[in-house]
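Undergrad: Take a look at upload17.tsv, TSV, C-alpha atoms:
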```tsv
chain	number	residue	atom	x	y	z
Y	1	MET	CA	130.86	139.36	59.22
Y	2	ARG	CA	127.45	139.38	60.83
Y	3	ILE	CA	125.90	135.92	60.70
Y	4	LYS	CA	122.95	133.97	62.12
Y	5	THR	CA	124.64	130.58	62.29
Y	6	ILE	CA	127.81	128.72	61.45
Y	7	VAL	CA	128.01	124.96	60.94
Y	8	ASP	CA	131.54	123.59	60.82
Y	9	GLU	CA	130.68	120.45	58.85
Y	10	ASP	CA	127.72	120.49	56.47
Y	11	PHE	CA	127.02	117.73	53.95
Y	12	THR	CA	123.65	118.85	52.56
Y	13	ASN	CA	124.24	122.02	50.51
Y	14	TYR	CA	127.21	121.01	48.34
Y	15	LYS	CA	128.89	117.90	47.04
Y	16	LYS	CA	131.94	118.55	49.22
Y	17	ALA	CA	132.09	118.70	53.00
Y	18	SER	CA	131.54	122.39	53.74
Y	19	MET	CA	131.41	125.02	56.42
Y	20	PHE	CA	127.94	126.58	56.26
Y	21	ILE	CA	127.49	130.26	57.10
Y	22	GLY	CA	123.95	131.61	57.55
Y	23	THR	CA	123.52	135.28	56.73
Y	24	ILE	CA	121.50	137.78	58.75
Y	25	SER	CA	118.56	139.00	56.68
Y	26	CYS	CA	116.19	138.57	53.78
Y	27	GLY	CA	113.52	140.92	52.52
Y	28	GLY	CA	111.28	137.98	51.67
Y	29	LYS	CA	111.21	138.47	47.90
Y	30	CYS	CA	110.34	134.81	47.21
Y	31	CYS	CA	107.25	134.84	49.43
Y	32	ILE	CA	106.19	138.37	48.51
Y	33	GLU	CA	106.26	137.58	44.78
Y	34	ALA	CA	104.36	134.33	45.36
Y	35	GLY	CA	101.79	136.12	47.56
Y	36	ILE	CA	102.38	133.82	50.51
Y	37	PRO	CA	103.31	134.54	54.15
Y	38	LEU	CA	106.99	134.71	55.11
Y	39	SER	CA	106.34	131.89	57.56
Y	40	VAL	CA	106.24	129.50	54.56
Y	41	CYS	CA	109.93	130.16	53.82
Y	42	GLN	CA	112.17	127.22	54.64
Y	43	ASN	CA	114.52	129.64	56.43
Y	44	ASP	CA	111.87	131.61	58.32
Y	45	GLY	CA	112.93	130.24	61.72
Y	46	TRP	CA	116.28	131.99	61.36
Y	47	ARG	CA	114.71	135.45	61.22
Y	48	SER	CA	114.20	135.46	64.99
Y	49	CYS	CA	117.76	134.32	65.84
Y	50	ALA	CA	120.08	137.01	67.16
Y	51	PRO	CA	123.00	137.86	64.86
Y	52	ILE	CA	126.46	136.64	65.84
Y	53	ALA	CA	129.41	138.94	65.23
Y	54	MET	CA	132.48	137.05	64.07
Y	55	SER	CA	135.44	138.64	62.42
Y	56	ASP	CA	136.35	137.45	58.94
Y	57	ARG	CA	139.66	136.31	60.41
Y	58	GLN	CA	137.87	134.17	63.04
Y	59	ILE	CA	135.68	132.56	60.39
Y	60	CYS	CA	138.65	131.84	58.11
Y	61	MET	CA	140.76	130.47	60.95
Y	62	ARG	CA	137.91	128.21	62.05
Y	63	TYR	CA	137.47	126.99	58.47
Y	64	MET	CA	141.18	126.42	57.86
Y	65	ALA	CA	141.54	124.48	61.13
Y	66	ASN	CA	139.06	121.82	60.01
Y	67	PRO	CA	140.72	119.10	57.89
Y	68	LEU	CA	137.34	117.68	56.82
Y	69	THR	CA	135.94	120.67	54.94
Y	70	ASN	CA	136.81	121.62	51.38
Y	71	ALA	CA	134.34	124.43	50.70
Y	72	ILE	CA	132.37	127.24	52.28
Y	73	VAL	CA	128.64	127.62	51.63
Y	74	ILE	CA	127.05	130.99	52.38
Y	75	GLY	CA	123.28	130.98	52.49
Y	76	GLY	CA	120.41	130.74	54.89
Y	77	LEU	CA	118.63	133.98	54.39
Y	78	GLU	CA	119.95	136.27	51.58
Y	79	PRO	CA	123.74	136.69	51.28
Y	80	PHE	CA	123.47	139.45	48.67
Y	81	GLU	CA	121.72	141.70	51.19
Y	82	GLN	CA	125.15	141.91	52.79
Y	83	ALA	CA	127.21	141.60	49.61
Y	84	LYS	CA	130.06	143.81	50.85
Y	85	GLU	CA	130.54	141.60	53.91
Y	86	VAL	CA	130.52	138.46	51.75
Y	87	ARG	CA	133.11	140.00	49.41
Y	88	LYS	CA	135.33	140.97	52.37
Y	89	LEU	CA	135.20	137.41	53.72
Y	90	VAL	CA	136.12	135.94	50.33
Y	91	TRP	CA	138.90	138.50	49.93
Y	92	MET	CA	140.39	137.47	53.28
Y	93	LEU	CA	140.09	133.76	52.50
Y	94	ARG	CA	141.86	134.23	49.15
Y	95	ASN	CA	144.44	136.92	49.96
Y	96	VAL	CA	145.33	136.45	53.63
Y	97	PHE	CA	144.77	132.72	54.09
Y	98	MET	CA	145.77	131.87	50.49
Y	99	CYS	CA	142.89	129.41	50.19
Y	100	ASP	CA	141.29	128.72	46.81
Y	101	ASP	CA	138.66	126.25	48.06
Y	102	ASP	CA	135.19	126.57	46.55
Y	103	VAL	CA	132.88	129.27	47.90
Y	104	VAL	CA	129.22	128.58	47.16
Y	105	ILE	CA	126.64	131.33	47.60
Y	106	TYR	CA	122.94	130.45	47.74
Y	107	THR	CA	120.77	133.33	46.56
Y	108	GLY	CA	117.12	133.79	45.73
Y	109	TYR	CA	118.02	136.43	43.17
Y	110	THR	CA	118.34	135.97	39.43
Y	111	PRO	CA	121.59	136.87	37.62
Y	112	ASP	CA	120.23	140.14	36.24
Y	113	GLU	CA	119.20	141.32	39.73
Y	114	ILE	CA	122.74	141.04	41.15
Y	115	GLU	CA	124.86	141.57	38.05
Y	116	GLU	CA	127.28	144.07	39.62
Y	117	GLU	CA	127.81	142.00	42.78
Y	118	VAL	CA	128.49	138.87	40.70
Y	119	LYS	CA	130.98	140.78	38.56
Y	120	LEU	CA	132.91	141.81	41.69
Y	121	LEU	CA	132.90	138.26	43.07
Y	122	SER	CA	134.06	136.82	39.73
Y	123	GLU	CA	137.47	138.39	40.40
Y	124	PHE	CA	138.08	135.57	42.90
Y	125	LYS	CA	138.73	131.92	41.97
Y	126	ASN	CA	136.24	129.11	42.48
Y	127	ILE	CA	133.03	131.01	43.15
Y	128	ILE	CA	129.74	129.20	42.59
Y	129	ILE	CA	126.34	130.88	42.82
Y	130	LYS	CA	123.02	129.10	43.23
Y	131	TYR	CA	120.33	131.31	41.67
Y	132	GLY	CA	116.55	131.23	41.88
Y	133	ARG	CA	113.58	131.86	44.11
Y	134	TYR	CA	112.24	129.37	46.61
Y	135	VAL	CA	108.87	128.11	45.37
Y	136	PRO	CA	106.88	126.15	47.93
Y	137	ASN	CA	105.71	122.71	46.79
Y	138	ALA	CA	107.68	122.98	43.54
Y	139	LYS	CA	109.26	119.98	41.92
Y	140	THR	CA	112.83	119.45	43.13
Y	141	ARG	CA	115.74	119.07	40.74
Y	142	TYR	CA	119.24	117.67	40.95
Y	143	ASP	CA	121.93	120.25	40.21
Y	144	ASP	CA	125.11	118.89	38.62
Y	145	VAL	CA	127.26	121.85	39.71
Y	146	LEU	CA	126.32	121.54	43.39
Y	147	GLY	CA	125.81	117.78	43.40
Y	148	VAL	CA	122.63	118.10	45.49
Y	149	ASN	CA	118.86	118.32	45.02
Y	150	LEU	CA	117.48	121.85	45.01
Y	151	VAL	CA	114.05	122.52	46.50
Y	152	SER	CA	112.61	124.37	43.51
Y	153	ASP	CA	112.97	123.39	39.86
Y	154	ASN	CA	113.70	127.00	38.83
Y	155	GLN	CA	116.92	127.02	40.85
Y	156	TYR	CA	120.35	126.30	39.36
Y	157	ALA	CA	124.02	126.85	40.11
Y	158	VAL	CA	126.75	128.39	37.98
Y	159	LYS	CA	130.49	128.47	38.54
Y	160	ILE	CA	131.23	132.14	37.82
Y	161	SER	CA	135.01	131.90	38.19
```
Kindly transcribe the structure held in the file into structure tokens.
TA:
Amino acid sequence: MRIKTIVDEDFTNYKKASMFIGTISCGGKCCIEAGIPLSVCQNDGWRSCAPIAMSDRQICMRYMANPLTNAIVIGGLEPFEQAKEVRKLVWMLRNVFMCDDDVVIYTGYTPDEIEEEVKLLSEFKNIIIKYGRYVPNAKTRYDDVLGVNLVSDNQYAVKIS
């Protein structure tokens, strides 16, 4: 999977200790719709980072070797711009490594925009998706599913499987 970053132990994006995987791109839909520059995006600094190529097997082995983590969070830029790669990683985690730990995917899309991709991911156990655009200076809200505060009050998470 092509990624921008990997953090072995993250405690900010989910209620469980997680491995965080930052994806490689985002078309900037949140900023474009709001009529603001991409530089306002909380993840804008990642755009200039060079992608890192790691095999799905390497990522899964690294995750499985850490006794502290109980989930994987995929986010950063826009995971659904590389939906096939995300699905392949989840497939390997579930079918090769036999791991049913939670996989959380942070997206700026709404459910209707990624309906087909969500349907394909729902075939796997324990998939959670955080939906909603980033809105600068919006009121934050606590999300019960994720167990964390989200930066925009239009964002929410759903366990899809």
Undergrad: Show me the residues close to (113.8, 129.8, 43.1) - anything with an atom within 8 Å, counting all atoms listed in the file - and format the list as a list in words.
TA: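 The requested residues, written out, are Cys30, Gly108, Tyr109, Tyr131, Gly132, Arg133, Tyr134, Val135, Ser152, Asp153, Asn154 and Gln155 of chain Y.
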Undergrad: Just the number, please: distance in Å from CA of Glu81 (chain Y) to CA of Arg94 (chain Y), one decimal.
TA: 21.6 Å
Undergrad: Find the residue from Y:Asp44, Y:Asp143, Y:Glu85, Y:Glu78 that sits nearest to Asp56 (chain Y); use all atoms listed in the file when measuring.
TA: Y:Glu85
Undergrad: Near Ala34 (chain Y), within 12 Å and counting all atoms listed in the file, which residues show up once chain neighbours fewer than 5 positions away are dropped, as a list of chain:residue names?
TA: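 Using all atoms listed in the file, the neighbours found are Y:Gly28, Y:Lys29, Y:Val40, Y:Cys41, Y:Arg133, Y:Tyr134, Y:Val135, Y:Pro136, Y:Asn137, Y:Ala138.
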Undergrad: Create the file for the chosen residues now, containing C-alpha atoms and written as a PDB file, in the coordinates of the input.
TA:
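Contents of selection-v4.pdb, freshly written:
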```pdb
ATOM      1  CA  GLY Y  28     111.280 137.980  51.670  1.00  0.00           C
ATOM      2  CA  LYS Y  29     111.210 138.470  47.900  1.00  0.00           C
ATOM      3  CA  VAL Y  40     106.240 129.500  54.560  1.00  0.00           C
ATOM      4  CA  CYS Y  41     109.930 130.160  53.820  1.00  0.00           C
ATOM      5  CA  ARG Y 133     113.580 131.860  44.110  1.00  0.00           C
ATOM      6  CA  TYR Y 134     112.240 129.370  46.610  1.00  0.00           C
ATOM      7  CA  VAL Y 135     108.870 128.110  45.370  1.00  0.00           C
ATOM      8  CA  PRO Y 136     106.880 126.150  47.930  1.00  0.00           C
ATOM      9  CA  ASN Y 137     105.710 122.710  46.790  1.00  0.00           C
ATOM     10  CA  ALA Y 138     107.680 122.980  43.540  1.00  0.00           C
TER      11      ALA Y 138
END
```
Undergrad: Could you tell me how far CA of Asn126 (chain Y) lies from CA of Met92 (chain Y), in Å and to one decimal?
TA: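 Spanning CA of Asn126 (chain Y) to CA of Met92 (chain Y) is a straight-line distance of 14.3 Å.
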Undergrad: Smallest atom-to-atom distance to Gly76 (chain Y): which of Y:Leu121, Y:Ile24, Y:Leu146, Y:Met19, using only C-alpha atoms?
TA: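 Nearest to Gly76 (chain Y): Y:Ile24.
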Undergrad: Could you tell me how far CA of Ser161 (chain Y) sits from CA of Ile59 (chain Y), in Å to one decimal place?
TA: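 Between CA of Ile59 (chain Y) and CA of Ser161 (chain Y) the gap works out to 22.2 Å.
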Undergrad: Grab all the atoms of region 80-92 of chain Y that the file lists, wrap them in a box along x, y and z, add 3 Å per side, and give me centre plus edge lengths in Å (one decimal) as JSON.
TA:
```
{"center_x": 131.1, "center_y": 139.9, "center_z": 51.3, "size_x": 24.7, "size_y": 13.9, "size_z": 11.2}
```
Undergrad: List the neighbours of Ser25 (chain Y) out to 9 Å using all atoms listed in the file; skip same-chain residues closer than 5 positions along the sequence, and give me the result as a PDB file with C-alpha atoms, in the frame of the given file.
TA:
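Output file out_24.pdb follows:
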```pdb
ATOM      1  CA  ILE Y   3     125.900 135.920  60.700  1.00  0.00           C
ATOM      2  CA  LYS Y   4     122.950 133.970  62.120  1.00  0.00           C
ATOM      3  CA  TRP Y  46     116.280 131.990  61.360  1.00  0.00           C
ATOM      4  CA  ARG Y  47     114.710 135.450  61.220  1.00  0.00           C
ATOM      5  CA  GLY Y  76     120.410 130.740  54.890  1.00  0.00           C
ATOM      6  CA  LEU Y  77     118.630 133.980  54.390  1.00  0.00           C
ATOM      7  CA  GLU Y  78     119.950 136.270  51.580  1.00  0.00           C
ATOM      8  CA  PRO Y  79     123.740 136.690  51.280  1.00  0.00           C
ATOM      9  CA  GLU Y  81     121.720 141.700  51.190  1.00  0.00           C
ATOM     10  CA  GLN Y  82     125.150 141.910  52.790  1.00  0.00           C
TER      11      GLN Y  82
END
```
Undergrad: Could you check which of Y:Lys139, Y:Ile129, Y:Val118, Y:Ala17 is closest to Pro67 (chain Y), using all atoms listed in the file?
TA: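 When distances to Pro67 (chain Y) are compared using all atoms listed in the file, the smallest one comes from Y:Ala17.
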Undergrad: Of the residues Y:Asn70, Y:Ser55, Y:Thr5, Y:Thr23, which is the one nearest to Thr107 (chain Y), using only C-alpha atoms?
TA: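 Ranking Y:Asn70, Y:Ser55, Y:Thr5, Y:Thr23 by distance to Thr107 (chain Y), first place goes to Y:Thr23.
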Undergrad: With distances taken over all atoms listed in the file, which residue among Y:Val158, Y:Glu117, Y:Ser48, Y:Ile72 lies nearest Asp102 (chain Y)?
TA: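 Among the listed residues, the smallest separation from Asp102 (chain Y) belongs to Y:Ile72.
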Undergrad: Tell me, as a VMD selection string, which residues lie within 10 Å of Gly147 (chain Y), counting only C-alpha atoms; anything in the same chain fewer than 3 positions away does not count.
TA: chain Y and resid 12 to 16 142 to 144 150 157
Undergrad: Of the candidates Y:Cys26, Y:Phe20, Y:Phe124, Y:Asn66, which shows the shortest atom-to-atom distance to Ile105 (chain Y), using all atoms listed in the file?
TA: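 Looking at the shortest contact to Ile105 (chain Y), the residue is Y:Phe20.
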Undergrad: Show which residues sit within 12 Å of Lys119 (chain Y), as number ranges by chain. Count only C-alpha atoms, and ignore same-chain residues fewer than 6 positions away.
TA: Y: 83, 87, 111-113, 127, 129, 160-161
